[in-house]
Structure formats: C-alpha cells, structure tokens
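Heads up, target33.cif below (mmCIF, C-alpha atoms):
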```cif
data_my_file
loop_
_atom_site.group_PDB
_atom_site.id
_atom_site.type_symbol
_atom_site.label_atom_id
_atom_site.label_comp_id
_atom_site.auth_asym_id
_atom_site.auth_seq_id
_atom_site.Cartn_x
_atom_site.Cartn_y
_atom_site.Cartn_z
ATOM 1 C CA MET A 293 1.377 -8.232 40.186
ATOM 2 C CA GLU A 294 5.053 -8.564 40.821
ATOM 3 C CA GLY A 295 7.161 -7.360 37.928
ATOM 4 C CA TRP A 296 4.342 -5.301 36.390
ATOM 5 C CA MET A 297 5.484 -2.219 34.506
ATOM 6 C CA PRO A 298 3.158 0.631 33.544
ATOM 7 C CA PRO A 299 2.727 1.120 29.789
ATOM 8 C CA HIS A 300 4.126 4.681 29.899
ATOM 9 C CA ARG A 301 6.836 6.485 31.787
ATOM 10 C CA ARG A 302 5.776 8.572 34.772
ATOM 11 C CA GLU A 303 7.008 11.770 33.089
ATOM 12 C CA ASP A 304 4.873 11.098 30.016
ATOM 13 C CA LEU A 305 1.757 10.469 32.111
ATOM 14 C CA GLU A 306 2.374 13.603 34.163
ATOM 15 C CA ARG A 307 2.696 15.638 30.961
ATOM 16 C CA VAL A 308 -0.607 14.241 29.642
ATOM 17 C CA LEU A 309 -2.307 14.928 32.970
ATOM 18 C CA GLU A 310 -1.004 18.494 32.931
ATOM 19 C CA ARG A 311 -2.452 18.994 29.438
ATOM 20 C CA LEU A 312 -5.805 17.567 30.483
ATOM 21 C CA ARG A 313 -5.945 19.831 33.499
ATOM 22 C CA ALA A 314 -5.107 22.816 31.303
ATOM 23 C CA GLY A 315 -8.137 22.167 29.130
ATOM 24 C CA LEU A 316 -6.440 20.526 26.179
ATOM 25 C CA PRO A 317 -9.185 18.461 24.516
ATOM 26 C CA VAL A 318 -7.031 15.346 24.069
ATOM 27 C CA ASP A 319 -9.702 12.639 24.384
ATOM 28 C CA ALA A 320 -12.317 14.551 22.423
ATOM 29 C CA ALA A 321 -9.795 15.487 19.744
ATOM 30 C CA TYR A 322 -8.708 11.876 19.287
ATOM 31 C CA ASP A 323 -12.347 10.745 19.114
ATOM 32 C CA ASP A 324 -13.025 13.362 16.430
ATOM 33 C CA LEU A 325 -9.833 12.416 14.570
ATOM 34 C CA ASN A 326 -10.927 8.805 14.556
ATOM 35 C CA ALA A 327 -14.354 9.762 13.235
ATOM 36 C CA VAL A 328 -12.803 11.709 10.350
ATOM 37 C CA LEU A 329 -9.556 9.893 9.574
ATOM 38 C CA GLY A 330 -10.206 6.428 11.018
ATOM 39 C CA GLY A 331 -10.971 3.405 8.919
ATOM 40 C CA GLY A 332 -14.640 3.329 9.886
ATOM 41 C CA SER A 333 -17.623 4.706 8.050
ATOM 42 C CA MET A 334 -17.572 8.220 6.646
ATOM 43 C CA PRO A 335 -19.237 10.932 8.733
ATOM 44 C CA LYS A 336 -22.768 11.700 7.617
ATOM 45 C CA GLU A 337 -23.536 15.056 6.030
ATOM 46 C CA ASP A 338 -24.991 16.548 9.234
ATOM 47 C CA GLU A 339 -22.002 15.252 11.233
ATOM 48 C CA ILE A 340 -19.531 16.910 8.855
ATOM 49 C CA GLU A 341 -20.783 20.396 9.731
ATOM 50 C CA GLU A 342 -20.715 19.663 13.472
ATOM 51 C CA LEU A 343 -17.216 18.129 13.295
ATOM 52 C CA THR A 344 -15.956 21.057 11.223
ATOM 53 C CA GLU A 345 -17.076 23.537 13.868
ATOM 54 C CA ARG A 346 -15.551 21.444 16.658
ATOM 55 C CA PHE A 347 -12.233 21.246 14.816
ATOM 56 C CA ARG A 348 -12.248 25.006 14.242
ATOM 57 C CA GLY A 349 -12.504 25.541 17.998
ATOM 58 C CA ASN A 350 -10.061 22.792 18.909
ATOM 59 C CA LEU A 351 -7.475 24.103 16.461
ATOM 60 C CA MET A 352 -7.203 27.364 18.353
ATOM 61 C CA ILE A 353 -6.959 25.603 21.711
ATOM 62 C CA LEU A 354 -4.206 23.395 20.301
ATOM 63 C CA VAL A 355 -2.412 26.391 18.748
ATOM 64 C CA ASP A 356 -2.492 28.214 22.099
ATOM 65 C CA HIS A 357 -0.950 25.206 23.844
ATOM 66 C CA VAL A 358 1.685 24.674 21.127
ATOM 67 C CA LEU A 359 2.751 28.325 21.333
ATOM 68 C CA GLU A 360 2.639 28.470 25.124
ATOM 69 C CA ARG A 361 4.793 25.370 25.514
ATOM 70 C CA GLU A 362 6.938 26.094 22.458
ATOM 71 C CA ALA A 363 6.256 22.508 21.390
ATOM 72 C CA GLY A 364 8.438 21.128 18.632
ATOM 73 C CA THR A 365 10.973 23.190 16.761
ATOM 74 C CA THR A 366 10.250 26.601 15.299
ATOM 75 C CA GLU A 367 10.456 25.044 11.828
ATOM 76 C CA GLU A 368 7.755 22.510 12.780
ATOM 77 C CA ARG A 369 5.613 24.854 14.824
ATOM 78 C CA THR A 370 5.383 27.970 12.645
ATOM 79 C CA PRO A 371 3.851 26.480 9.469
ATOM 80 C CA LEU A 372 1.394 24.385 11.497
ATOM 81 C CA VAL A 373 0.223 27.376 13.504
ATOM 82 C CA GLU A 374 -0.172 29.459 10.348
ATOM 83 C CA ARG A 375 -2.080 26.648 8.620
ATOM 84 C CA ALA A 376 -4.382 26.170 11.635
ATOM 85 C CA ARG A 377 -5.149 29.891 11.803
ATOM 86 C CA MET A 378 -5.846 30.060 8.072
ATOM 87 C CA LEU A 379 -8.061 26.940 8.071
ATOM 88 C CA ARG A 380 -10.005 28.086 11.108
ATOM 89 C CA GLN A 381 -11.337 31.088 9.207
ATOM 90 C CA ALA A 382 -11.461 29.550 5.717
ATOM 91 C CA GLU A 383 -14.386 28.069 3.897
ATOM 92 C CA PRO A 384 -13.994 25.174 1.456
ATOM 93 C CA GLU A 385 -12.634 26.429 -1.858
ATOM 94 C CA ALA A 386 -14.465 25.824 -5.119
ATOM 95 C CA GLY A 387 -14.254 22.143 -5.982
ATOM 96 C CA VAL A 388 -13.362 21.099 -2.424
ATOM 97 C CA THR A 389 -16.026 19.034 -0.716
ATOM 98 C CA PRO A 390 -16.986 19.721 2.903
ATOM 99 C CA LEU A 391 -15.541 16.291 3.809
ATOM 100 C CA ALA A 392 -12.192 17.081 2.147
ATOM 101 C CA PHE A 393 -12.071 20.407 4.007
ATOM 102 C CA LEU A 394 -12.888 18.626 7.271
ATOM 103 C CA ARG A 395 -10.009 16.228 6.636
ATOM 104 C CA ARG A 396 -7.644 19.181 6.198
ATOM 105 C CA LEU A 397 -8.766 20.498 9.574
ATOM 106 C CA ALA A 398 -8.341 17.045 11.124
ATOM 107 C CA LEU A 399 -4.855 16.501 9.686
ATOM 108 C CA THR A 400 -3.737 19.882 11.011
ATOM 109 C CA ALA A 401 -5.176 19.106 14.465
ATOM 110 C CA GLU A 402 -3.433 15.727 14.423
ATOM 111 C CA SER A 403 -0.095 17.375 13.613
ATOM 112 C CA LEU A 404 -0.537 19.874 16.452
ATOM 113 C CA LEU A 405 -1.378 17.057 18.877
ATOM 114 C CA GLU A 406 1.742 15.190 17.778
ATOM 115 C CA LEU A 407 3.837 18.244 18.683
ATOM 116 C CA LEU A 408 2.191 18.430 22.106
ATOM 117 C CA LEU A 409 2.121 14.729 22.921
ATOM 118 C CA PRO A 410 5.082 13.090 21.200
ATOM 119 C CA ASP A 411 5.234 9.306 21.311
ATOM 120 C CA GLU A 412 7.612 7.557 23.689
ATOM 121 C CA GLU A 413 10.360 7.100 21.100
ATOM 122 C CA SER A 414 10.728 10.807 20.413
ATOM 123 C CA ALA A 415 10.272 11.714 24.096
ATOM 124 C CA ALA A 416 13.048 9.350 25.249
#
```

Kindly present the structure from the file in structure tokens form.
Amino acid sequence: MEGWMPPHRREDLERVLERLRAGLPVDAAYDDLNAVLGGGSMPKEDEIEELTERFRGNLMILVDHVLEREAGTTEERTPLVERARMLRQAEPEAGVTPLAFLRRLALTAESLLELLLPDEESAA
C-alpha cells in the first residue's frame, strides 16, 4: 500500500468524528436527505409523516451545533437558523403538499449540514 493517500485530510476527519461524538446525526441526516431529495423513488405517504417528524427534530440538533460552533458567516447562519426554527413549528400552508413541505425541511437541513461540514475545497 505504498503511496496510498487517505481520501480526506486528517483535520477534516477529526472534525467529522467530533461532530459524531457530539450527537450530530450526520449519517442519519444524509440517509433522510437522500430519501427525500435523492433521485430515487418518492417517499410513500406514511413515510412522509415519519420523515417530517425526524427532520423537525434533526433541524434543532443541527441549529444547536451551528450556533455553538458559529459555523459559516453570520450572514449565512442567521437566515438558516431562523428558517429552521420557523419550519420546525410550521404546518404545511394551504396548497402546499406534505411532500413539498418535507422538501423544505430537507433543504434547510442540507444547508445547515453544509455549514457544519464544508467540503474539502472550502475547508482548504
């Protein structure tokens, strides 16, 4: 295995490990994001309700971590935190399907995760 290089820098892996140890639901959040925003089949009606509740809980965990670590800039962080807090307590508006509302939750969670776990290019 001479010349082998790990796919990520040590600092990046340590940061991810720290987040996992702190209870940040990284793997579960990405699995849920894939179920909602991925190119696969649409979640079934009974899955939409379950995913919505999971995202509501995960949003607050992600918000806590974003605020604690002051992830991103204030201009990035503040509107995302406000949106997550609003969506967590909101119900779908008239004319908005439960799936569309779930996607709003998922997109907000994805944006919070991106602040917490920036890709290698922005971390370099």

Self-check item: Residues matched by the PyMOL selection byres ((chain A and resi 349-352) around 10) as a VMD selection string
Solution: chain A and resid 316 to 318 320 to 321 343 to 348 353 to 358 373 375 to 377 379 to 380 397 to 398 400 to 402 404 to 405

Take the residues that were just selected and, keeping C-alpha atoms, output them as an mmCIF file, keeping the file's coordinate frame.
```cif
data_model
loop_
_atom_site.group_PDB
_atom_site.id
_atom_site.type_symbol
_atom_site.label_atom_id
_atom_site.label_comp_id
_atom_site.auth_asym_id
_atom_site.auth_seq_id
_atom_site.Cartn_x
_atom_site.Cartn_y
_atom_site.Cartn_z
ATOM 1 C CA LEU A 316 -6.440 20.526 26.179
ATOM 2 C CA PRO A 317 -9.185 18.461 24.516
ATOM 3 C CA VAL A 318 -7.031 15.346 24.069
ATOM 4 C CA ALA A 320 -12.317 14.551 22.423
ATOM 5 C CA ALA A 321 -9.795 15.487 19.744
ATOM 6 C CA LEU A 343 -17.216 18.129 13.295
ATOM 7 C CA THR A 344 -15.956 21.057 11.223
ATOM 8 C CA GLU A 345 -17.076 23.537 13.868
ATOM 9 C CA ARG A 346 -15.551 21.444 16.658
ATOM 10 C CA PHE A 347 -12.233 21.246 14.816
ATOM 11 C CA ARG A 348 -12.248 25.006 14.242
ATOM 12 C CA ILE A 353 -6.959 25.603 21.711
ATOM 13 C CA LEU A 354 -4.206 23.395 20.301
ATOM 14 C CA VAL A 355 -2.412 26.391 18.748
ATOM 15 C CA ASP A 356 -2.492 28.214 22.099
ATOM 16 C CA HIS A 357 -0.950 25.206 23.844
ATOM 17 C CA VAL A 358 1.685 24.674 21.127
ATOM 18 C CA VAL A 373 0.223 27.376 13.504
ATOM 19 C CA ARG A 375 -2.080 26.648 8.620
ATOM 20 C CA ALA A 376 -4.382 26.170 11.635
ATOM 21 C CA ARG A 377 -5.149 29.891 11.803
ATOM 22 C CA LEU A 379 -8.061 26.940 8.071
ATOM 23 C CA ARG A 380 -10.005 28.086 11.108
ATOM 24 C CA LEU A 397 -8.766 20.498 9.574
ATOM 25 C CA ALA A 398 -8.341 17.045 11.124
ATOM 26 C CA THR A 400 -3.737 19.882 11.011
ATOM 27 C CA ALA A 401 -5.176 19.106 14.465
ATOM 28 C CA GLU A 402 -3.433 15.727 14.423
ATOM 29 C CA LEU A 404 -0.537 19.874 16.452
ATOM 30 C CA LEU A 405 -1.378 17.057 18.877
#
```

Quiz item: CA of Gly330 in chain A and CA of Leu408 in chain A, how far apart in Å?
Solution: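 A separation of 20.5 Å between them.
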
Quiz item: CA of Val328 in chain A to CA of Leu399 in chain A: how many Å, to one decimal?
Solution: 9.3 Å

Quiz item: Just how far from CA of Leu407 in chain A is CA of Arg361 in chain A, in Å to one decimal?
Solution: 9.9 Å

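Nearest-residue note for Ala363 in chain A: choosing from A:Glu341, A:Glu385, A:Asp323, A:Glu406, the minimum distance belongs to A:Glu406, counting all atoms listed in the file.
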
Listed atoms of range 389-405 of chain A boxed axis-aligned with 3 Å per side, centre + edges as JSON:
```
{"center_x": -8.5, "center_y": 18.1, "center_z": 9.1, "size_x": 22.9, "size_y": 10.8, "size_z": 25.6}
```

Quiz item: Looking at all atoms listed in the file, which of A:Glu367, A:Glu374, A:Glu362, A:Asp324 is the one that sits closest to Leu394 in chain A?
Solution: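 Of A:Glu367, A:Glu374, A:Glu362, A:Asp324, the one nearest Leu394 in chain A, counting all atoms listed in the file, is A:Asp324.
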
Quiz item: Between A:Ala327, A:Asp304, A:Ser403, A:Pro335, which has the minimum distance to Pro371 in chain A (counting all atoms listed in the file)?
Solution: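 Among A:Ala327, A:Asp304, A:Ser403, A:Pro335, it is A:Ser403 that comes nearest to Pro371 in chain A.
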
Practice problem: Identify which of the residues A:Thr389, A:Glu368, A:Arg301, A:Ala382 lies closest to Ile340 in chain A, counting all atoms listed in the file when measuring atom-to-atom distances. | Solution: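 Residue with the minimum atom-to-atom distance to Ile340 in chain A: A:Thr389.
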
Practice problem: List the neighbours of Glu337 in chain A out to 10 Å using all atoms listed in the file; skip same-chain residues closer than 5 positions along the sequence, and give me the result as a PyMOL selection string. | Solution: chain A and resi 342+390-391

Write the residues you've just listed into a file as a short mmCIF file (atom, residue, chain, number, x, y, z; two decimals), in the frame of the given file, and include C-alpha atoms for each of them.
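Written file, again26.cif:
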```
data_model
loop_
_atom_site.label_atom_id
_atom_site.label_comp_id
_atom_site.auth_asym_id
_atom_site.auth_seq_id
_atom_site.Cartn_x
_atom_site.Cartn_y
_atom_site.Cartn_z
CA GLU A 342 -20.72 19.66 13.47
CA PRO A 390 -16.99 19.72 2.90
CA LEU A 391 -15.54 16.29 3.81
#
```

Would you mind putting back all heavy atoms on range 384-395 of chain A, then writing it out as a PDB file, in the coordinates of the input?
```pdb
ATOM      1  N   PRO A 384     -14.480  26.040   2.543  1.00  0.00           N
ATOM      2  CA  PRO A 384     -13.994  25.174   1.456  1.00  0.00           C
ATOM      3  C   PRO A 384     -13.924  25.945   0.132  1.00  0.00           C
ATOM      4  O   PRO A 384     -14.838  26.691  -0.214  1.00  0.00           O
ATOM      5  CB  PRO A 384     -15.031  24.054   1.388  1.00  0.00           C
ATOM      6  CG  PRO A 384     -15.677  24.049   2.731  1.00  0.00           C
ATOM      7  CD  PRO A 384     -15.642  25.479   3.208  1.00  0.00           C
ATOM      8  N   GLU A 385     -12.822  25.777  -0.562  1.00  0.00           N
ATOM      9  CA  GLU A 385     -12.634  26.429  -1.858  1.00  0.00           C
ATOM     10  C   GLU A 385     -13.521  25.750  -2.889  1.00  0.00           C
ATOM     11  O   GLU A 385     -14.014  24.643  -2.671  1.00  0.00           O
ATOM     12  CB  GLU A 385     -11.167  26.305  -2.285  1.00  0.00           C
ATOM     13  CG  GLU A 385     -10.202  26.894  -1.287  1.00  0.00           C
ATOM     14  CD  GLU A 385      -8.804  26.311  -1.431  1.00  0.00           C
ATOM     15  OE1 GLU A 385      -8.537  25.534  -2.367  1.00  0.00           O
ATOM     16  OE2 GLU A 385      -7.974  26.644  -0.575  1.00  0.00           O
ATOM     17  N   ALA A 386     -13.674  26.402  -4.026  1.00  0.00           N
ATOM     18  CA  ALA A 386     -14.465  25.824  -5.119  1.00  0.00           C
ATOM     19  C   ALA A 386     -13.867  24.478  -5.499  1.00  0.00           C
ATOM     20  O   ALA A 386     -12.657  24.335  -5.627  1.00  0.00           O
ATOM     21  CB  ALA A 386     -14.463  26.761  -6.315  1.00  0.00           C
ATOM     22  N   GLY A 387     -14.712  23.475  -5.610  1.00  0.00           N
ATOM     23  CA  GLY A 387     -14.254  22.143  -5.982  1.00  0.00           C
ATOM     24  C   GLY A 387     -13.807  21.288  -4.817  1.00  0.00           C
ATOM     25  O   GLY A 387     -13.483  20.122  -4.994  1.00  0.00           O
ATOM     26  N   VAL A 388     -13.750  21.861  -3.616  1.00  0.00           N
ATOM     27  CA  VAL A 388     -13.362  21.099  -2.424  1.00  0.00           C
ATOM     28  C   VAL A 388     -14.628  20.740  -1.654  1.00  0.00           C
ATOM     29  O   VAL A 388     -15.406  21.621  -1.279  1.00  0.00           O
ATOM     30  CB  VAL A 388     -12.398  21.909  -1.523  1.00  0.00           C
ATOM     31  CG1 VAL A 388     -12.086  21.158  -0.243  1.00  0.00           C
ATOM     32  CG2 VAL A 388     -11.125  22.254  -2.279  1.00  0.00           C
ATOM     33  N   THR A 389     -14.829  19.470  -1.432  1.00  0.00           N
ATOM     34  CA  THR A 389     -16.026  19.034  -0.716  1.00  0.00           C
ATOM     35  C   THR A 389     -15.914  19.366   0.771  1.00  0.00           C
ATOM     36  O   THR A 389     -14.800  19.508   1.294  1.00  0.00           O
ATOM     37  CB  THR A 389     -16.236  17.518  -0.864  1.00  0.00           C
ATOM     38  OG1 THR A 389     -15.173  16.840  -0.185  1.00  0.00           O
ATOM     39  CG2 THR A 389     -16.294  17.099  -2.327  1.00  0.00           C
ATOM     40  N   PRO A 390     -17.040  19.498   1.449  1.00  0.00           N
ATOM     41  CA  PRO A 390     -16.986  19.721   2.903  1.00  0.00           C
ATOM     42  C   PRO A 390     -16.199  18.621   3.635  1.00  0.00           C
ATOM     43  O   PRO A 390     -15.491  18.912   4.592  1.00  0.00           O
ATOM     44  CB  PRO A 390     -18.451  19.731   3.320  1.00  0.00           C
ATOM     45  CG  PRO A 390     -19.173  20.210   2.100  1.00  0.00           C
ATOM     46  CD  PRO A 390     -18.415  19.596   0.952  1.00  0.00           C
ATOM     47  N   LEU A 391     -16.292  17.374   3.167  1.00  0.00           N
ATOM     48  CA  LEU A 391     -15.541  16.291   3.809  1.00  0.00           C
ATOM     49  C   LEU A 391     -14.038  16.465   3.595  1.00  0.00           C
ATOM     50  O   LEU A 391     -13.256  16.279   4.524  1.00  0.00           O
ATOM     51  CB  LEU A 391     -15.997  14.926   3.286  1.00  0.00           C
ATOM     52  CG  LEU A 391     -15.270  13.712   3.888  1.00  0.00           C
ATOM     53  CD1 LEU A 391     -15.449  13.663   5.406  1.00  0.00           C
ATOM     54  CD2 LEU A 391     -15.768  12.429   3.239  1.00  0.00           C
ATOM     55  N   ALA A 392     -13.622  16.851   2.409  1.00  0.00           N
ATOM     56  CA  ALA A 392     -12.192  17.081   2.147  1.00  0.00           C
ATOM     57  C   ALA A 392     -11.678  18.225   3.007  1.00  0.00           C
ATOM     58  O   ALA A 392     -10.570  18.153   3.559  1.00  0.00           O
ATOM     59  CB  ALA A 392     -11.967  17.375   0.670  1.00  0.00           C
ATOM     60  N   PHE A 393     -12.463  19.285   3.156  1.00  0.00           N
ATOM     61  CA  PHE A 393     -12.071  20.407   4.007  1.00  0.00           C
ATOM     62  C   PHE A 393     -11.959  19.955   5.459  1.00  0.00           C
ATOM     63  O   PHE A 393     -11.004  20.305   6.165  1.00  0.00           O
ATOM     64  CB  PHE A 393     -13.075  21.553   3.869  1.00  0.00           C
ATOM     65  CG  PHE A 393     -12.712  22.759   4.671  1.00  0.00           C
ATOM     66  CD1 PHE A 393     -11.667  23.582   4.283  1.00  0.00           C
ATOM     67  CD2 PHE A 393     -13.410  23.071   5.834  1.00  0.00           C
ATOM     68  CE1 PHE A 393     -11.321  24.701   5.040  1.00  0.00           C
ATOM     69  CE2 PHE A 393     -13.075  24.180   6.584  1.00  0.00           C
ATOM     70  CZ  PHE A 393     -12.031  24.996   6.189  1.00  0.00           C
ATOM     71  N   LEU A 394     -12.923  19.160   5.910  1.00  0.00           N
ATOM     72  CA  LEU A 394     -12.888  18.626   7.271  1.00  0.00           C
ATOM     73  C   LEU A 394     -11.623  17.808   7.489  1.00  0.00           C
ATOM     74  O   LEU A 394     -10.987  17.898   8.540  1.00  0.00           O
ATOM     75  CB  LEU A 394     -14.133  17.778   7.538  1.00  0.00           C
ATOM     76  CG  LEU A 394     -14.195  17.032   8.865  1.00  0.00           C
ATOM     77  CD1 LEU A 394     -14.098  17.983  10.045  1.00  0.00           C
ATOM     78  CD2 LEU A 394     -15.467  16.203   8.927  1.00  0.00           C
ATOM     79  N   ARG A 395     -11.235  17.028   6.517  1.00  0.00           N
ATOM     80  CA  ARG A 395     -10.009  16.228   6.636  1.00  0.00           C
ATOM     81  C   ARG A 395      -8.777  17.111   6.755  1.00  0.00           C
ATOM     82  O   ARG A 395      -7.844  16.786   7.470  1.00  0.00           O
ATOM     83  CB  ARG A 395      -9.891  15.265   5.466  1.00  0.00           C
ATOM     84  CG  ARG A 395     -10.860  14.109   5.593  1.00  0.00           C
ATOM     85  CD  ARG A 395     -10.674  13.103   4.509  1.00  0.00           C
ATOM     86  NE  ARG A 395     -11.515  11.941   4.754  1.00  0.00           N
ATOM     87  CZ  ARG A 395     -11.992  11.168   3.806  1.00  0.00           C
ATOM     88  NH1 ARG A 395     -11.680  11.395   2.538  1.00  0.00           N
ATOM     89  NH2 ARG A 395     -12.754  10.136   4.115  1.00  0.00           N
TER      90      ARG A 395
END
```
